[in-house]
>>> print(open('query21.cif').read())   # mmCIF, C-alpha atoms
data_run
loop_
_atom_site.label_atom_id
_atom_site.label_comp_id
_atom_site.auth_asym_id
_atom_site.auth_seq_id
_atom_site.Cartn_x
_atom_site.Cartn_y
_atom_site.Cartn_z
CA MET A 160 35.25 -1.39 -35.03
CA ASP A 161 32.79 -1.13 -32.14
CA ALA A 162 35.22 0.80 -30.02
CA ARG A 163 35.86 3.29 -32.82
CA ALA A 164 32.16 3.85 -33.39
CA GLU A 165 31.80 4.66 -29.72
CA ALA A 166 34.76 7.03 -29.72
CA THR A 167 33.65 9.19 -32.65
CA PRO A 168 30.06 10.38 -32.34
CA VAL A 169 27.94 9.76 -35.43
CA THR A 170 26.90 13.09 -36.91
CA ASP A 171 25.90 12.14 -40.41
CA PRO A 172 22.06 12.47 -40.27
CA THR A 173 21.42 9.64 -42.68
CA ARG A 174 23.54 7.31 -40.56
CA VAL A 175 21.78 8.46 -37.39
CA GLN A 176 18.48 7.73 -39.05
CA ALA A 177 19.68 4.31 -40.17
CA LEU A 178 20.88 3.50 -36.67
CA GLU A 179 17.62 4.64 -35.11
CA GLU A 180 15.73 2.42 -37.52
CA LYS A 181 17.93 -0.50 -36.64
CA LEU A 182 17.34 0.12 -32.93
CA ARG A 183 13.58 0.19 -33.42
CA ASP A 184 13.83 -3.06 -35.34
CA PHE A 185 15.82 -4.64 -32.49
CA GLU A 186 13.30 -3.46 -29.92
CA LYS A 187 10.48 -4.97 -31.94
CA ARG A 188 12.28 -8.28 -32.26
CA LEU A 189 13.12 -8.30 -28.57
CA THR A 190 9.44 -7.92 -27.65
CA GLN A 191 8.61 -10.75 -30.03
CA VAL A 192 11.22 -12.97 -28.40
CA GLU A 193 10.01 -12.01 -24.91
CA GLN A 194 6.49 -13.04 -25.85
CA GLN A 195 7.71 -16.49 -26.85
CA VAL A 196 9.74 -17.23 -23.74
CA ALA A 197 8.15 -19.93 -21.58
CA GLU A 198 6.88 -18.91 -18.18
CA ASP A 199 6.87 -20.82 -14.91
CA LYS A 200 3.79 -22.76 -15.96
CA VAL A 201 2.74 -26.37 -16.25
CA ALA A 202 -0.23 -27.50 -18.36
CA ILE A 203 -1.75 -30.93 -17.86
CA VAL A 204 -4.48 -32.60 -19.93
CA VAL A 205 -6.39 -35.17 -17.89
CA PHE A 206 -8.03 -37.33 -20.56
CA SER A 207 -8.08 -40.52 -18.52
CA GLY A 208 -10.65 -41.35 -15.88
CA ASP A 209 -8.48 -44.04 -14.28
CA LEU A 210 -7.79 -43.56 -10.59
CA ASP A 211 -4.06 -44.33 -10.85
CA ARG A 212 -3.47 -42.05 -13.82
CA VAL A 213 -5.49 -39.23 -12.32
CA LEU A 214 -3.57 -39.56 -9.06
CA ALA A 215 -0.31 -39.19 -10.97
CA ALA A 216 -1.71 -36.07 -12.66
CA PHE A 217 -2.65 -34.55 -9.30
CA ILE A 218 0.65 -35.43 -7.66
CA ILE A 219 2.53 -33.71 -10.49
CA GLY A 220 0.09 -30.81 -10.44
CA THR A 221 0.27 -30.14 -6.71
CA GLY A 222 4.03 -30.77 -6.64
CA ALA A 223 4.57 -28.24 -9.43
CA ALA A 224 2.32 -25.73 -7.68
CA ALA A 225 4.33 -26.19 -4.48
CA MET A 226 7.51 -25.54 -6.46
CA GLY A 227 6.12 -22.19 -7.51
CA GLN A 228 4.73 -23.09 -10.93
CA GLN A 229 1.36 -21.89 -12.17
CA VAL A 230 -0.55 -25.07 -12.94
CA SER A 231 -3.55 -25.58 -15.24
CA MET A 232 -5.33 -28.91 -15.48
CA PHE A 233 -7.65 -29.50 -18.43
CA PHE A 234 -10.21 -32.25 -17.95
CA THR A 235 -11.63 -33.83 -21.05
CA PHE A 236 -13.55 -37.00 -22.02
CA TRP A 237 -13.14 -39.69 -19.32
CA GLY A 238 -11.22 -37.24 -17.17
CA LEU A 239 -14.44 -35.29 -16.60
CA SER A 240 -15.60 -38.10 -14.26
CA VAL A 241 -13.03 -36.82 -11.75
CA LEU A 242 -14.96 -33.58 -11.46
CA LYS A 243 -18.43 -35.12 -11.07
CA LYS A 244 -20.26 -34.78 -7.80
CA ASP A 245 -23.37 -36.78 -8.70
CA ARG A 246 -25.37 -38.32 -11.54
CA GLN A 247 -28.33 -36.72 -13.22
CA LEU A 248 -30.52 -38.51 -15.76
CA SER A 249 -33.24 -35.98 -16.53
CA GLU A 250 -33.21 -33.95 -19.75
CA LYS A 251 -30.77 -36.29 -21.48
CA THR A 252 -30.96 -38.32 -24.67
CA LEU A 253 -30.97 -42.13 -24.50
CA PHE A 254 -27.27 -42.37 -25.39
CA GLN A 255 -26.39 -39.67 -22.89
CA ARG A 256 -28.33 -41.50 -20.17
CA MET A 257 -26.49 -44.71 -21.04
CA MET A 258 -23.19 -42.85 -20.92
CA THR A 259 -24.12 -41.39 -17.54
CA LEU A 260 -24.90 -44.84 -16.13
CA MET A 261 -21.80 -46.48 -17.57
CA THR A 262 -19.29 -43.87 -16.37
CA PRO A 263 -18.35 -43.21 -12.74
CA GLY A 264 -20.72 -40.96 -10.83
CA SER A 265 -17.90 -39.22 -8.97
CA SER A 266 -14.16 -39.36 -8.29
CA ARG A 267 -14.89 -41.97 -5.59
CA SER A 268 -15.91 -44.61 -8.10
CA LEU A 269 -13.08 -44.30 -10.64
CA PRO A 270 -11.63 -47.64 -11.81
CA VAL A 271 -7.91 -48.43 -11.99
CA SER A 272 -6.18 -48.81 -15.36
CA GLN A 273 -4.90 -52.33 -14.59
CA MET A 274 -6.43 -55.16 -12.59
CA ASN A 275 -9.67 -53.33 -11.89
CA TYR A 276 -11.84 -56.47 -11.62
CA PHE A 277 -15.15 -54.56 -11.48
CA GLY A 278 -13.90 -52.07 -8.93
CA VAL A 279 -12.21 -54.46 -6.52
CA GLY A 280 -8.79 -53.34 -7.75
CA ALA A 281 -9.62 -49.68 -7.17
CA LYS A 282 -10.86 -50.42 -3.63
CA MET A 283 -7.69 -52.37 -2.96
CA LEU A 284 -5.47 -49.55 -4.20
CA ARG A 285 -7.36 -47.03 -2.08
CA SER A 286 -6.98 -49.14 1.05
CA MET A 287 -3.27 -49.68 0.32
CA MET A 288 -2.84 -45.93 -0.06
CA LYS A 289 -4.56 -45.33 3.24
CA GLU A 290 -2.30 -47.85 4.93
CA LYS A 291 0.80 -46.11 3.54
CA ASN A 292 -0.57 -42.68 4.47
CA VAL A 293 -0.68 -41.55 0.84
CA ASN A 294 -3.23 -38.79 0.23
CA SER A 295 -6.51 -39.91 -1.31
CA LEU A 296 -7.57 -38.49 -4.67
CA GLU A 297 -10.21 -36.35 -2.96
CA GLU A 298 -7.57 -34.89 -0.62
CA MET A 299 -5.34 -34.19 -3.64
CA ILE A 300 -8.18 -32.36 -5.42
CA ALA A 301 -8.77 -30.21 -2.33
CA LEU A 302 -5.04 -29.59 -2.04
CA ALA A 303 -4.80 -28.55 -5.70
CA ARG A 304 -7.58 -26.05 -5.07
CA GLU A 305 -5.80 -24.69 -2.03
CA LEU A 306 -2.57 -24.26 -4.01
CA GLY A 307 -4.38 -22.31 -6.72
CA VAL A 308 -4.25 -24.96 -9.44
CA ARG A 309 -6.64 -23.92 -12.22
CA MET A 310 -9.09 -26.64 -13.24
CA ILE A 311 -10.74 -26.36 -16.61
CA ALA A 312 -13.58 -28.60 -17.81
CA CYS A 313 -13.55 -29.07 -21.58
CA GLU A 314 -16.80 -27.63 -22.86
CA MET A 315 -17.01 -29.72 -26.03
CA SER A 316 -16.56 -33.16 -24.46
CA ARG A 317 -18.77 -32.21 -21.49
CA ASP A 318 -21.56 -31.26 -23.86
CA LEU A 319 -20.96 -34.29 -26.11
CA MET A 320 -21.12 -36.76 -23.24
CA GLY A 321 -24.21 -35.00 -21.94
CA ILE A 322 -22.65 -34.07 -18.61
CA LYS A 323 -24.58 -31.17 -17.09
CA GLU A 324 -22.67 -28.37 -15.42
CA SER A 325 -24.78 -29.06 -12.33
CA GLU A 326 -23.25 -32.57 -12.17
CA LEU A 327 -19.76 -31.10 -11.74
CA ILE A 328 -18.16 -29.71 -8.61
CA ALA A 329 -18.15 -25.93 -8.21
CA GLY A 330 -15.30 -23.58 -8.96
CA LEU A 331 -14.29 -24.91 -12.37
CA GLU A 332 -13.47 -22.90 -15.43
CA CYS A 333 -14.79 -23.96 -18.80
CA GLY A 334 -12.77 -23.79 -21.98
CA GLY A 335 -11.72 -25.42 -25.19
CA VAL A 336 -8.61 -26.32 -27.11
CA ALA A 337 -7.48 -22.72 -27.43
CA SER A 338 -7.56 -22.12 -23.69
CA PHE A 339 -5.38 -25.22 -23.22
CA LEU A 340 -2.99 -24.19 -26.00
CA ALA A 341 -2.77 -20.63 -24.71
CA ASP A 342 -1.44 -22.07 -21.47
CA SER A 343 0.52 -24.94 -22.98
CA LEU A 344 2.42 -22.72 -25.44
CA LYS A 345 3.55 -20.58 -22.52
CA SER A 346 4.43 -23.58 -20.34
CA ARG A 347 7.72 -25.29 -19.83
CA THR A 348 5.98 -28.61 -19.37
CA SER A 349 2.80 -29.96 -20.94
CA LEU A 350 1.48 -33.41 -20.15
CA PHE A 351 -1.29 -35.56 -21.60
CA ILE A 352 -2.48 -38.11 -19.08
CA MET B 893 25.30 -30.81 12.50
CA SER B 894 23.78 -28.02 14.56
CA GLN B 895 22.30 -25.94 11.79
CA ALA B 896 20.32 -22.99 13.15
CA PHE B 897 16.64 -22.70 12.23
CA ASP B 898 13.67 -20.49 13.03
CA LYS B 899 10.78 -22.89 12.56
CA LEU B 900 10.32 -26.65 12.59
CA LEU B 901 8.04 -28.59 10.27
CA ASP B 902 7.39 -32.19 11.17
CA ALA B 903 6.51 -34.00 7.95
CA ARG B 904 7.35 -37.45 9.27
CA GLY B 905 5.02 -40.16 8.05
CA LEU B 906 3.83 -38.06 5.11
CA ASN B 907 4.31 -39.15 1.53
CA CYS B 908 5.08 -37.46 -1.76
CA PRO B 909 4.21 -34.66 -2.46
CA MET B 910 3.16 -33.63 1.05
CA PRO B 911 6.57 -32.80 2.62
CA LEU B 912 7.19 -30.44 -0.30
CA VAL B 913 3.71 -28.96 -0.29
CA ASN B 914 3.70 -28.36 3.46
CA ALA B 915 7.22 -26.88 3.36
CA ARG B 916 6.08 -24.51 0.63
CA LYS B 917 3.16 -23.38 2.80
CA GLU B 918 5.34 -22.92 5.88
CA ILE B 919 8.11 -21.03 4.11
CA GLY B 920 5.56 -18.43 3.07
CA LYS B 921 5.00 -17.66 6.74
CA LEU B 922 8.69 -17.02 7.44
CA GLU B 923 10.45 -13.66 7.34
CA LEU B 924 13.12 -13.12 4.68
CA GLY B 925 16.35 -14.87 5.64
CA GLN B 926 14.71 -17.18 8.16
CA VAL B 927 15.29 -20.91 7.99
CA LEU B 928 12.73 -23.72 8.11
CA LYS B 929 13.78 -27.14 9.32
CA VAL B 930 11.79 -29.95 7.70
CA MET B 931 11.84 -33.46 9.11
CA ALA B 932 10.60 -36.16 6.74
CA THR B 933 10.58 -39.94 6.52
CA ASP B 934 9.94 -39.97 2.76
CA ARG B 935 13.27 -40.96 1.19
CA GLY B 936 12.29 -39.25 -2.06
CA SER B 937 12.21 -35.93 -0.23
CA ILE B 938 16.02 -35.66 -0.51
CA ALA B 939 15.87 -35.41 -4.30
CA ASP B 940 12.58 -33.51 -4.18
CA PHE B 941 13.97 -30.69 -2.07
CA GLN B 942 17.05 -30.48 -4.30
CA GLY B 943 14.78 -30.27 -7.34
CA TRP B 944 12.68 -27.58 -5.71
CA ALA B 945 15.80 -25.57 -4.89
CA LYS B 946 16.88 -25.73 -8.54
CA VAL B 947 13.75 -24.02 -9.85
CA ALA B 948 12.66 -21.95 -6.85
CA LYS B 949 13.13 -18.22 -6.85
CA ASN B 950 12.16 -17.61 -3.26
CA MET B 951 14.11 -20.23 -1.35
CA GLN B 952 17.51 -21.77 -0.92
CA LEU B 953 18.40 -25.21 0.36
CA VAL B 954 20.92 -24.53 3.11
CA ALA B 955 21.68 -28.06 4.24
CA GLN B 956 20.42 -31.63 4.21
CA GLU B 957 21.21 -34.40 6.64
CA THR B 958 20.01 -37.86 7.56
CA GLU B 959 19.35 -38.68 11.19
CA SER B 960 18.83 -42.17 12.49
CA THR B 961 16.39 -42.29 15.37
CA GLU B 962 15.01 -45.52 16.78
CA GLY B 963 16.21 -47.44 13.74
CA ALA B 964 14.25 -45.27 11.31
CA ASN B 965 15.86 -42.71 9.02
CA VAL B 966 14.71 -39.13 9.24
CA TYR B 967 15.66 -36.86 6.36
CA VAL B 968 16.20 -33.30 7.49
CA HIS B 969 16.13 -30.33 5.13
CA TYR B 970 17.00 -26.73 5.99
CA VAL B 971 15.25 -24.28 3.71
CA LYS B 972 15.89 -20.55 3.77
CA ARG B 973 13.44 -17.97 2.50
CA THR B 974 15.26 -15.60 0.16
CA ALA B 975 12.44 -13.62 -1.44
#
>>> encode(input="query21.cif", output="structure tokens")
Amino acid sequence: MDARAEATPVTDPTRVQALEEKLRDFEKRLTQVEQQVAEDKVAIVVFSGDLDRVLAAFIIGTGAAAMGQQVSMFFTFWGLSVLKKDRQLSEKTLFQRMMTLMTPGSSRSLPVSQMNYFGVGAKMLRSMMKEKNVNSLEEMIALARELGVRMIACEMSRDLMGIKESELIAGLECGGVASFLADSLKSRTSLFI
Amino acid sequence: MSQAFDKLLDARGLNCPMPLVNARKEIGKLELGQVLKVMATDRGSIADFQGWAKVAKNMQLVAQETESTEGANVYVHYVKRTA
């Protein structure tokens, strides 16, 4: 049937019109499909502030970036500690001050998720990593930057926990759930760590 | 055995993901069609480079071999820039 349609040109104007309409409909649907196709992107939520988990997040992030993926890392709740450069207590409520004192002041003082023993476990892991020539978390953060990994600090949890923007390292983007989802929905891989 | 290459990257002693990351940086400096030889001691790099080749649009894994020098294994990857 297709071959015959090709052989005899359609001259009936109503049929031509019907075909044109069909074509326009196909074009519209094609654009819709194209908009839904995943891109070479990876979206990672870093919820945890545990050294081991965060390291895993950065290894996946930098690895994906090296493989040519566009990587976005969203830091929220305890994960925000990774991005802290120092502590600030002024202009905070009592609870916020308590939160500031009870959470790590920077990536250097993150605990490990197992066997932390008041920080001894984290120190041990760091020294074992050094011995095995595994990059430190701080080196991984710098590497992620260099590879163009986008780092987004969640505005809501930052504000809730009373973390000032001046307590965080420079060069971060700020965003909310929609900015994560906008990336995640276009990504082939989304992780929650 | 004697695969030709244009540039050598020594990633021996480095751990995941550094051989991959450094190779990615180096391959960007090559001309199209040139080959980068990567030497690594990370055993995982064999599978890592194969994985990279599967998704990469700008490179091709030409060859992989394992050399034994002074009792230690060195994993060698030949990566060609294609775009």
>>> residues_around(input="query21.cif", residues="stretch 911-923 of chain B", least_positions_apart="3", cutoff="8 Å", atoms="all atoms listed in the file", output="PyMOL selection string")
(chain A and resi 221-222+225-226) or (chain B and resi 901+903+906-908+926-928+930+932+934+937+940-941+971-973)
>>> write_last_selection(input="query21.cif", atoms="C-alpha atoms", output="PDB file, keeping the file's coordinate frame")
ATOM      1  CA  THR A 221       0.270 -30.140  -6.710  1.00  0.00           C
ATOM      2  CA  GLY A 222       4.030 -30.770  -6.640  1.00  0.00           C
ATOM      3  CA  ALA A 225       4.330 -26.190  -4.480  1.00  0.00           C
ATOM      4  CA  MET A 226       7.510 -25.540  -6.460  1.00  0.00           C
TER       5      MET A 226
ATOM      6  CA  LEU B 901       8.040 -28.590  10.270  1.00  0.00           C
ATOM      7  CA  ALA B 903       6.510 -34.000   7.950  1.00  0.00           C
ATOM      8  CA  LEU B 906       3.830 -38.060   5.110  1.00  0.00           C
ATOM      9  CA  ASN B 907       4.310 -39.150   1.530  1.00  0.00           C
ATOM     10  CA  CYS B 908       5.080 -37.460  -1.760  1.00  0.00           C
ATOM     11  CA  GLN B 926      14.710 -17.180   8.160  1.00  0.00           C
ATOM     12  CA  VAL B 927      15.290 -20.910   7.990  1.00  0.00           C
ATOM     13  CA  LEU B 928      12.730 -23.720   8.110  1.00  0.00           C
ATOM     14  CA  VAL B 930      11.790 -29.950   7.700  1.00  0.00           C
ATOM     15  CA  ALA B 932      10.600 -36.160   6.740  1.00  0.00           C
ATOM     16  CA  ASP B 934       9.940 -39.970   2.760  1.00  0.00           C
ATOM     17  CA  SER B 937      12.210 -35.930  -0.230  1.00  0.00           C
ATOM     18  CA  ASP B 940      12.580 -33.510  -4.180  1.00  0.00           C
ATOM     19  CA  PHE B 941      13.970 -30.690  -2.070  1.00  0.00           C
ATOM     20  CA  VAL B 971      15.250 -24.280   3.710  1.00  0.00           C
ATOM     21  CA  LYS B 972      15.890 -20.550   3.770  1.00  0.00           C
ATOM     22  CA  ARG B 973      13.440 -17.970   2.500  1.00  0.00           C
TER      23      ARG B 973
END
>>> residues_around(input="query21.cif", residues="stretch 195-208 of chain A", least_positions_apart="4", cutoff="6 Å", atoms="all atoms listed in the file", output="PyMOL selection string")
chain A and resi 228-238+343+345-352
>>> interface_residues(input="query21.cif", of="chain A", to="chain B", cutoff="12 Å", atoms="all atoms listed in the file", output="ChimeraX atom specification")
/A:198-200,214-228,288-295,298-299,302-303,305-306,347
>>> write_last_selection(input="query21.cif", atoms="C-alpha atoms", output="mmCIF file, keeping the file's coordinate frame")
data_model
loop_
_atom_site.group_PDB
_atom_site.id
_atom_site.type_symbol
_atom_site.label_atom_id
_atom_site.label_comp_id
_atom_site.auth_asym_id
_atom_site.auth_seq_id
_atom_site.Cartn_x
_atom_site.Cartn_y
_atom_site.Cartn_z
ATOM 1 C CA GLU A 198 6.880 -18.910 -18.180
ATOM 2 C CA ASP A 199 6.870 -20.820 -14.910
ATOM 3 C CA LYS A 200 3.790 -22.760 -15.960
ATOM 4 C CA LEU A 214 -3.570 -39.560 -9.060
ATOM 5 C CA ALA A 215 -0.310 -39.190 -10.970
ATOM 6 C CA ALA A 216 -1.710 -36.070 -12.660
ATOM 7 C CA PHE A 217 -2.650 -34.550 -9.300
ATOM 8 C CA ILE A 218 0.650 -35.430 -7.660
ATOM 9 C CA ILE A 219 2.530 -33.710 -10.490
ATOM 10 C CA GLY A 220 0.090 -30.810 -10.440
ATOM 11 C CA THR A 221 0.270 -30.140 -6.710
ATOM 12 C CA GLY A 222 4.030 -30.770 -6.640
ATOM 13 C CA ALA A 223 4.570 -28.240 -9.430
ATOM 14 C CA ALA A 224 2.320 -25.730 -7.680
ATOM 15 C CA ALA A 225 4.330 -26.190 -4.480
ATOM 16 C CA MET A 226 7.510 -25.540 -6.460
ATOM 17 C CA GLY A 227 6.120 -22.190 -7.510
ATOM 18 C CA GLN A 228 4.730 -23.090 -10.930
ATOM 19 C CA MET A 288 -2.840 -45.930 -0.060
ATOM 20 C CA LYS A 289 -4.560 -45.330 3.240
ATOM 21 C CA GLU A 290 -2.300 -47.850 4.930
ATOM 22 C CA LYS A 291 0.800 -46.110 3.540
ATOM 23 C CA ASN A 292 -0.570 -42.680 4.470
ATOM 24 C CA VAL A 293 -0.680 -41.550 0.840
ATOM 25 C CA ASN A 294 -3.230 -38.790 0.230
ATOM 26 C CA SER A 295 -6.510 -39.910 -1.310
ATOM 27 C CA GLU A 298 -7.570 -34.890 -0.620
ATOM 28 C CA MET A 299 -5.340 -34.190 -3.640
ATOM 29 C CA LEU A 302 -5.040 -29.590 -2.040
ATOM 30 C CA ALA A 303 -4.800 -28.550 -5.700
ATOM 31 C CA GLU A 305 -5.800 -24.690 -2.030
ATOM 32 C CA LEU A 306 -2.570 -24.260 -4.010
ATOM 33 C CA ARG A 347 7.720 -25.290 -19.830
#
>>> axis_aligned_box(input="query21.cif", around="stretch 901-914 of chain B", padding_each_side="6 Å", output="AutoDock Vina command-line options")
--center_x 5.6 --center_y -34.3 --center_z 4.4 --size_x 16.9 --size_y 23.8 --size_z 25.6
>>> atom_distance(input="query21.cif", atom1="atom CA of A:Met320", atom2="atom CA of A:Ser249")
13.9 Å
>>> residues_around(input="query21.cif", residues="B:Ile938", least_positions_apart="2", cutoff="8 Å", atoms="all atoms listed in the file", output="mmCIF file with C-alpha atoms, keeping the file's coordinate frame")
data_model
loop_
_atom_site.group_PDB
_atom_site.id
_atom_site.type_symbol
_atom_site.label_atom_id
_atom_site.label_comp_id
_atom_site.auth_asym_id
_atom_site.auth_seq_id
_atom_site.Cartn_x
_atom_site.Cartn_y
_atom_site.Cartn_z
ATOM 1 C CA ARG B 935 13.270 -40.960 1.190
ATOM 2 C CA GLY B 936 12.290 -39.250 -2.060
ATOM 3 C CA ASP B 940 12.580 -33.510 -4.180
ATOM 4 C CA PHE B 941 13.970 -30.690 -2.070
ATOM 5 C CA GLN B 942 17.050 -30.480 -4.300
ATOM 6 C CA GLN B 956 20.420 -31.630 4.210
ATOM 7 C CA TYR B 967 15.660 -36.860 6.360
ATOM 8 C CA HIS B 969 16.130 -30.330 5.130
#
>>> atom_distance(input="query21.cif", atom1="atom CA of A:Asp342", atom2="atom CA of B:Ala975")
25.8 Å
>>> resolve_selection(input="query21.cif", expression="the PyMOL selection byres ((chain A and resi 252-256) around 12)", output="PyMOL selection string")
chain A and resi 246-251+257-262+316-323
>>> atom_distance(input="query21.cif", atom1="atom CA of A:Val271", atom2="atom CA of A:Met283")
9.9 Å
>>> resolve_selection(input="query21.cif", expression="the PyMOL selection byres ((chain A and resi 266) around 10)", output="PyMOL selection string")
chain A and resi 208-210+213+238-245+263-265+267-270+296-297+300
